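For reference, start36.cif (mmCIF, C-alpha atoms):
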```
data_structure
#
loop_
_atom_site.label_atom_id
_atom_site.label_comp_id
_atom_site.auth_asym_id
_atom_site.auth_seq_id
_atom_site.Cartn_x
_atom_site.Cartn_y
_atom_site.Cartn_z
CA MET A 1 0.00 0.00 0.00
CA ALA A 2 1.35 3.40 -0.95
CA GLU A 3 1.72 6.03 1.72
CA GLY A 4 -0.48 9.12 1.54
CA ARG A 5 -3.49 7.41 0.02
CA VAL A 6 -7.06 8.35 0.88
CA VAL A 7 -8.74 6.16 3.53
CA PHE A 8 -12.25 4.99 2.69
CA VAL A 9 -15.05 3.56 4.83
CA GLU A 10 -14.68 0.12 3.30
CA ASP A 11 -10.94 -0.07 4.17
CA SER A 12 -10.03 -2.56 6.89
CA VAL A 13 -7.00 -2.46 9.18
CA LYS A 14 -7.19 -6.23 9.46
CA LEU A 15 -6.96 -6.66 5.70
CA GLU A 16 -4.52 -3.79 5.17
CA PRO A 17 -2.18 -3.34 8.14
CA GLY A 18 -0.38 -0.65 6.17
CA LEU A 19 -3.41 1.57 6.71
CA ALA A 20 -2.51 1.93 10.39
CA VAL A 21 1.01 2.86 9.43
CA THR A 22 -0.30 5.47 7.01
CA MET A 23 -2.49 7.02 9.66
CA LEU A 24 0.21 6.71 12.32
CA HIS A 25 2.60 8.72 10.17
CA GLY A 26 -0.06 11.37 9.71
CA LEU A 27 -0.29 10.96 5.98
CA ALA A 28 -4.04 10.52 5.89
CA LEU A 29 -6.12 13.66 5.59
CA SER A 30 -8.14 14.71 8.67
CA ARG A 31 -11.41 14.81 6.71
CA ASP A 32 -10.75 11.18 5.71
CA MET A 33 -10.11 10.28 9.33
CA GLU A 34 -13.55 11.67 10.27
CA ARG A 35 -15.17 9.35 7.76
CA VAL A 36 -13.61 6.20 9.26
CA PRO A 37 -16.30 4.10 10.95
CA PRO A 38 -16.13 3.71 14.77
CA GLU A 39 -15.35 -0.03 14.66
CA LEU A 40 -12.44 0.68 12.32
CA GLN A 41 -11.28 3.57 14.52
CA LEU A 42 -10.93 1.24 17.50
CA SER A 43 -8.86 -1.23 15.46
CA LEU A 44 -6.84 1.64 14.09
CA ILE A 45 -6.20 2.96 17.60
CA HIS A 46 -5.02 -0.47 18.76
CA ALA A 47 -2.81 -0.96 15.70
CA SER A 48 -1.35 2.51 16.10
CA ALA A 49 -0.70 1.92 19.80
CA TYR A 50 0.98 -1.39 18.96
CA LEU A 51 3.14 0.28 16.34
CA VAL A 52 4.07 3.07 18.72
CA GLN A 53 5.02 0.54 21.40
CA THR A 54 7.00 -1.47 18.86
CA LYS A 55 8.87 1.66 17.81
CA ARG A 56 9.61 2.46 21.46
CA ASP A 57 10.86 -1.07 22.03
CA ARG A 58 13.07 -0.83 18.96
CA THR A 59 14.49 2.52 20.05
CA LYS A 60 15.44 1.38 23.58
CA PRO A 61 18.57 -0.47 22.45
CA LEU A 62 19.37 2.44 20.18
CA LYS A 63 19.11 4.87 23.10
CA LYS A 64 21.32 2.61 25.20
CA GLY A 65 23.79 2.37 22.32
CA LEU A 66 23.66 6.13 21.95
CA LYS A 67 24.51 6.57 25.64
CA LEU A 68 27.42 4.14 25.27
CA ALA A 69 28.60 5.93 22.15
CA LYS A 70 28.44 9.29 23.92
CA ALA A 71 30.44 7.86 26.83
CA LYS A 72 33.02 6.46 24.38
CA ILE A 73 33.20 9.80 22.59
CA ALA A 74 33.77 11.60 25.90
CA GLU A 75 36.51 9.09 26.78
CA LEU A 76 38.18 9.52 23.38
CA GLU A 77 37.97 13.31 23.65
CA LYS A 78 39.63 13.11 27.07
CA GLU A 79 42.39 10.91 25.66
CA ARG A 80 42.82 13.34 22.74
CA ASP A 81 43.11 16.30 25.11
CA GLU A 82 45.67 14.45 27.23
CA SER A 83 47.64 13.53 24.11
CA LEU A 84 47.60 17.12 22.90
CA GLU A 85 48.79 18.31 26.30
CA LYS A 86 51.62 15.75 26.27
CA ALA A 87 52.55 16.82 22.74
CA LYS A 88 52.73 20.47 23.81
CA LYS A 89 54.93 19.55 26.78
CA ALA A 90 57.17 17.46 24.55
CA GLU A 91 57.40 20.34 22.07
CA CYS A 92 58.43 22.73 24.86
CA GLU A 93 61.02 20.27 26.12
CA LEU A 94 62.34 19.79 22.60
CA GLY A 95 62.66 23.56 22.21
CA GLN A 96 64.60 23.75 25.46
CA VAL A 97 66.89 20.91 24.39
CA LEU A 98 67.50 22.57 21.02
CA ARG A 99 68.34 25.88 22.69
CA ARG A 100 70.76 24.12 25.08
CA GLU A 101 72.40 22.29 22.19
CA LYS A 102 72.76 25.51 20.22
CA ARG A 103 74.40 27.16 23.24
CA LYS A 104 76.76 24.20 23.61
CA MET A 105 77.62 24.29 19.91
CA LYS A 106 78.29 28.01 20.13
CA GLU A 107 80.58 27.48 23.13
CA VAL A 108 82.38 24.66 21.33
CA ASP A 109 82.73 26.83 18.24
CA GLU A 110 84.10 29.68 20.32
CA LYS A 111 86.56 27.36 22.06
CA ALA A 112 87.58 25.84 18.73
CA TYR A 113 87.99 29.32 17.25
CA GLN A 114 90.10 30.39 20.24
CA ALA A 115 92.15 27.18 20.03
CA GLY A 116 92.70 27.72 16.32
CA TYR A 117 93.60 31.33 16.94
CA ASP A 118 96.07 30.30 19.67
CA ARG A 119 97.53 27.57 17.45
CA ALA A 120 97.95 30.03 14.60
CA GLY A 121 99.64 32.45 17.02
CA GLN A 122 102.00 29.70 18.20
CA GLU A 123 102.81 28.79 14.59
CA TYR A 124 103.44 32.44 13.81
CA ILE A 125 105.76 32.75 16.80
CA ARG A 126 107.56 29.52 15.83
CA ASP A 127 107.93 30.69 12.24
CA ALA A 128 109.14 34.09 13.37
CA ARG A 129 111.70 32.51 15.69
CA SER A 130 112.77 30.18 12.95
CA MET A 131 113.23 33.11 10.58
CA VAL A 132 115.21 35.00 13.22
CA ASN A 133 117.33 31.94 13.95
CA ASP A 134 117.98 31.44 10.24
CA GLU A 135 118.97 35.07 9.89
CA VAL A 136 121.24 34.83 12.91
CA LYS A 137 122.84 31.68 11.56
CA MET A 138 123.56 33.48 8.31
CA ARG A 139 125.10 36.49 9.99
CA VAL A 140 127.18 34.62 12.56
CA PRO A 141 129.65 33.24 9.99
CA ILE A 142 130.00 36.75 8.56
CA ALA A 143 130.80 38.03 12.04
CA TYR A 144 133.43 35.35 12.46
CA ARG A 145 134.97 36.28 9.16
CA THR A 146 135.13 39.95 9.95
CA GLY A 147 137.07 39.63 13.14
CA TYR A 148 134.44 39.37 15.79
CA LYS A 149 135.69 35.89 16.27
CA ASP A 150 138.64 37.11 18.38
CA GLY A 151 136.37 39.22 20.46
CA VAL A 152 137.45 42.45 18.85
#
```

Is it possible to give me this structure as structure tokens?
Amino acid sequence: MAEGRVVFVEDSVKLEPGLAVTMLHGLALSRDMERVPPELQLSLIHASAYLVQTKRDRTKPLKKGLKLAKAKIAELEKERDESLEKAKKAECELGQVLRREKRKMKEVDEKAYQAGYDRAGQEYIRDARSMVNDEVKMRVPIAYRTGYKDGV
């Protein structure tokens, strides 16, 4: 039976159970409802009440499932919030570690720079002394040849 059809006096809920469904869903026109005979109205009322009760019975597990789903959603949201908080803490700690490591690297670089600078200075001093020694070695024989050898 199609929904929304007109209900006639000769219609029977016993023969057409879909009629009760049509009326239950409010698809029958009110003027048609007034023309339904009293004996049919009583059957229609009982069928409608049965359908309403059946719908309630079918929705009870759904309501219980809905409550469980809401509880699960709340639990998952709590876990998500905790995870986000942990992630923020970890991000802060990571930032602190990175800053410490940068400071350490800067100190190491400065020490390495100073060590390199000192080493270069030592090499410069060694080279300068070597050059002076070489120059002295060259001039000493000249001094011996020119008479400084005897202490003159």

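Distances here use all atoms listed in the file; by that measure, the residue among A:Glu16, A:Arg35, A:Glu85, A:Arg129 closest to Ala47 in chain A is A:Glu16.
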
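Taking CA of Ile73 in chain A as the reference point, CA of Cys92 in chain A is found at 28.4 Å.
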
Item to check | Atomic distance CA of Asp11 in chain A - CA of Ser48 in chain A, expressed in Å with one decimal | outcome: 15.5 Å

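Going from CA of Arg58 in chain A over to CA of Lys72 in chain A, you cover 21.9 Å.
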
Checklist entry - What lies within 8 Å of Leu40 in chain A using only C-alpha atoms, ignoring chain neighbours under 3 positions off, as a PyMOL selection string? => result chain A and resi 12-13+36-37+43-44

Can you give me N, CA, C and O atoms for range 101-127 of chain A, written as an mmCIF file, in the frame of the given file?
```
data_model
loop_
_atom_site.group_PDB
_atom_site.id
_atom_site.type_symbol
_atom_site.label_atom_id
_atom_site.label_comp_id
_atom_site.auth_asym_id
_atom_site.auth_seq_id
_atom_site.Cartn_x
_atom_site.Cartn_y
_atom_site.Cartn_z
ATOM 1 N N GLU A 101 71.430 22.823 23.157
ATOM 2 C CA GLU A 101 72.400 22.290 22.190
ATOM 3 C C GLU A 101 73.018 23.403 21.355
ATOM 4 O O GLU A 101 74.218 23.371 21.062
ATOM 5 N N LYS A 102 72.217 24.376 20.973
ATOM 6 C CA LYS A 102 72.760 25.510 20.220
ATOM 7 C C LYS A 102 73.785 26.264 21.059
ATOM 8 O O LYS A 102 74.832 26.675 20.553
ATOM 9 N N ARG A 103 73.457 26.477 22.345
ATOM 10 C CA ARG A 103 74.400 27.160 23.240
ATOM 11 C C ARG A 103 75.694 26.359 23.354
ATOM 12 O O ARG A 103 76.789 26.913 23.287
ATOM 13 N N LYS A 104 75.570 25.050 23.516
ATOM 14 C CA LYS A 104 76.760 24.200 23.610
ATOM 15 C C LYS A 104 77.593 24.273 22.335
ATOM 16 O O LYS A 104 78.817 24.370 22.391
ATOM 17 N N MET A 105 76.913 24.215 21.189
ATOM 18 C CA MET A 105 77.620 24.290 19.910
ATOM 19 C C MET A 105 78.326 25.632 19.757
ATOM 20 O O MET A 105 79.459 25.699 19.268
ATOM 21 N N LYS A 106 77.683 26.693 20.208
ATOM 22 C CA LYS A 106 78.290 28.010 20.130
ATOM 23 C C LYS A 106 79.535 28.064 21.008
ATOM 24 O O LYS A 106 80.578 28.587 20.598
ATOM 25 N N GLU A 107 79.427 27.520 22.236
ATOM 26 C CA GLU A 107 80.580 27.480 23.130
ATOM 27 C C GLU A 107 81.711 26.660 22.526
ATOM 28 O O GLU A 107 82.873 27.057 22.577
ATOM 29 N N VAL A 108 81.362 25.506 21.957
ATOM 30 C CA VAL A 108 82.380 24.660 21.330
ATOM 31 C C VAL A 108 83.023 25.391 20.164
ATOM 32 O O VAL A 108 84.248 25.357 19.996
ATOM 33 N N ASP A 109 82.194 26.059 19.359
ATOM 34 C CA ASP A 109 82.730 26.830 18.240
ATOM 35 C C ASP A 109 83.667 27.927 18.721
ATOM 36 O O ASP A 109 84.734 28.157 18.132
ATOM 37 N N GLU A 110 83.248 28.612 19.784
ATOM 38 C CA GLU A 110 84.100 29.680 20.320
ATOM 39 C C GLU A 110 85.408 29.115 20.838
ATOM 40 O O GLU A 110 86.478 29.681 20.596
ATOM 41 N N LYS A 111 85.345 27.989 21.544
ATOM 42 C CA LYS A 111 86.560 27.360 22.060
ATOM 43 C C LYS A 111 87.447 26.897 20.905
ATOM 44 O O LYS A 111 88.670 27.054 20.948
ATOM 45 N N ALA A 112 86.815 26.299 19.888
ATOM 46 C CA ALA A 112 87.580 25.840 18.730
ATOM 47 C C ALA A 112 88.207 27.036 18.009
ATOM 48 O O ALA A 112 89.362 26.976 17.567
ATOM 49 N N TYR A 113 87.453 28.113 17.888
ATOM 50 C CA TYR A 113 87.990 29.320 17.250
ATOM 51 C C TYR A 113 89.182 29.836 18.048
ATOM 52 O O TYR A 113 90.228 30.153 17.492
ATOM 53 N N GLN A 114 89.010 29.897 19.379
ATOM 54 C CA GLN A 114 90.100 30.390 20.240
ATOM 55 C C GLN A 114 91.300 29.454 20.139
ATOM 56 O O GLN A 114 92.439 29.909 20.058
ATOM 57 N N ALA A 115 91.045 28.137 20.142
ATOM 58 C CA ALA A 115 92.150 27.180 20.030
ATOM 59 C C ALA A 115 92.854 27.338 18.693
ATOM 60 O O ALA A 115 94.090 27.323 18.627
ATOM 61 N N GLY A 116 92.089 27.508 17.636
ATOM 62 C CA GLY A 116 92.700 27.720 16.320
ATOM 63 C C GLY A 116 93.487 29.020 16.273
ATOM 64 O O GLY A 116 94.575 29.093 15.695
ATOM 65 N N TYR A 117 92.931 30.033 16.889
ATOM 66 C CA TYR A 117 93.600 31.330 16.940
ATOM 67 C C TYR A 117 94.909 31.207 17.728
ATOM 68 O O TYR A 117 95.960 31.708 17.301
ATOM 69 N N ASP A 118 94.867 30.510 18.862
ATOM 70 C CA ASP A 118 96.070 30.300 19.670
ATOM 71 C C ASP A 118 97.097 29.468 18.901
ATOM 72 O O ASP A 118 98.294 29.775 18.915
ATOM 73 N N ARG A 119 96.629 28.409 18.225
ATOM 74 C CA ARG A 119 97.530 27.570 17.450
ATOM 75 C C ARG A 119 98.182 28.375 16.336
ATOM 76 O O ARG A 119 99.388 28.269 16.079
ATOM 77 N N ALA A 120 97.389 29.191 15.676
ATOM 78 C CA ALA A 120 97.950 30.030 14.600
ATOM 79 C C ALA A 120 98.968 31.001 15.183
ATOM 80 O O ALA A 120 100.024 31.253 14.573
ATOM 81 N N GLY A 121 98.669 31.550 16.368
ATOM 82 C CA GLY A 121 99.640 32.450 17.020
ATOM 83 C C GLY A 121 100.923 31.721 17.350
ATOM 84 O O GLY A 121 102.026 32.259 17.146
ATOM 85 N N GLN A 122 100.805 30.494 17.868
ATOM 86 C CA GLN A 122 102.000 29.700 18.200
ATOM 87 C C GLN A 122 102.804 29.393 16.942
ATOM 88 O O GLN A 122 104.036 29.470 16.942
ATOM 89 N N GLU A 123 102.110 29.052 15.852
ATOM 90 C CA GLU A 123 102.810 28.790 14.590
ATOM 91 C C GLU A 123 103.509 30.051 14.090
ATOM 92 O O GLU A 123 104.634 29.989 13.589
ATOM 93 N N TYR A 124 102.841 31.179 14.231
ATOM 94 C CA TYR A 124 103.440 32.440 13.810
ATOM 95 C C TYR A 124 104.694 32.730 14.627
ATOM 96 O O TYR A 124 105.740 33.106 14.071
ATOM 97 N N ILE A 125 104.596 32.520 15.933
ATOM 98 C CA ILE A 125 105.760 32.750 16.800
ATOM 99 C C ILE A 125 106.874 31.784 16.430
ATOM 100 O O ILE A 125 108.051 32.178 16.313
ATOM 101 N N ARG A 126 106.548 30.505 16.206
ATOM 102 C CA ARG A 126 107.560 29.520 15.830
ATOM 103 C C ARG A 126 108.211 29.882 14.511
ATOM 104 O O ARG A 126 109.431 29.845 14.361
ATOM 105 N N ASP A 127 107.381 30.297 13.532
ATOM 106 C CA ASP A 127 107.930 30.690 12.240
ATOM 107 C C ASP A 127 108.805 31.925 12.366
ATOM 108 O O ASP A 127 109.875 32.027 11.737
#
```
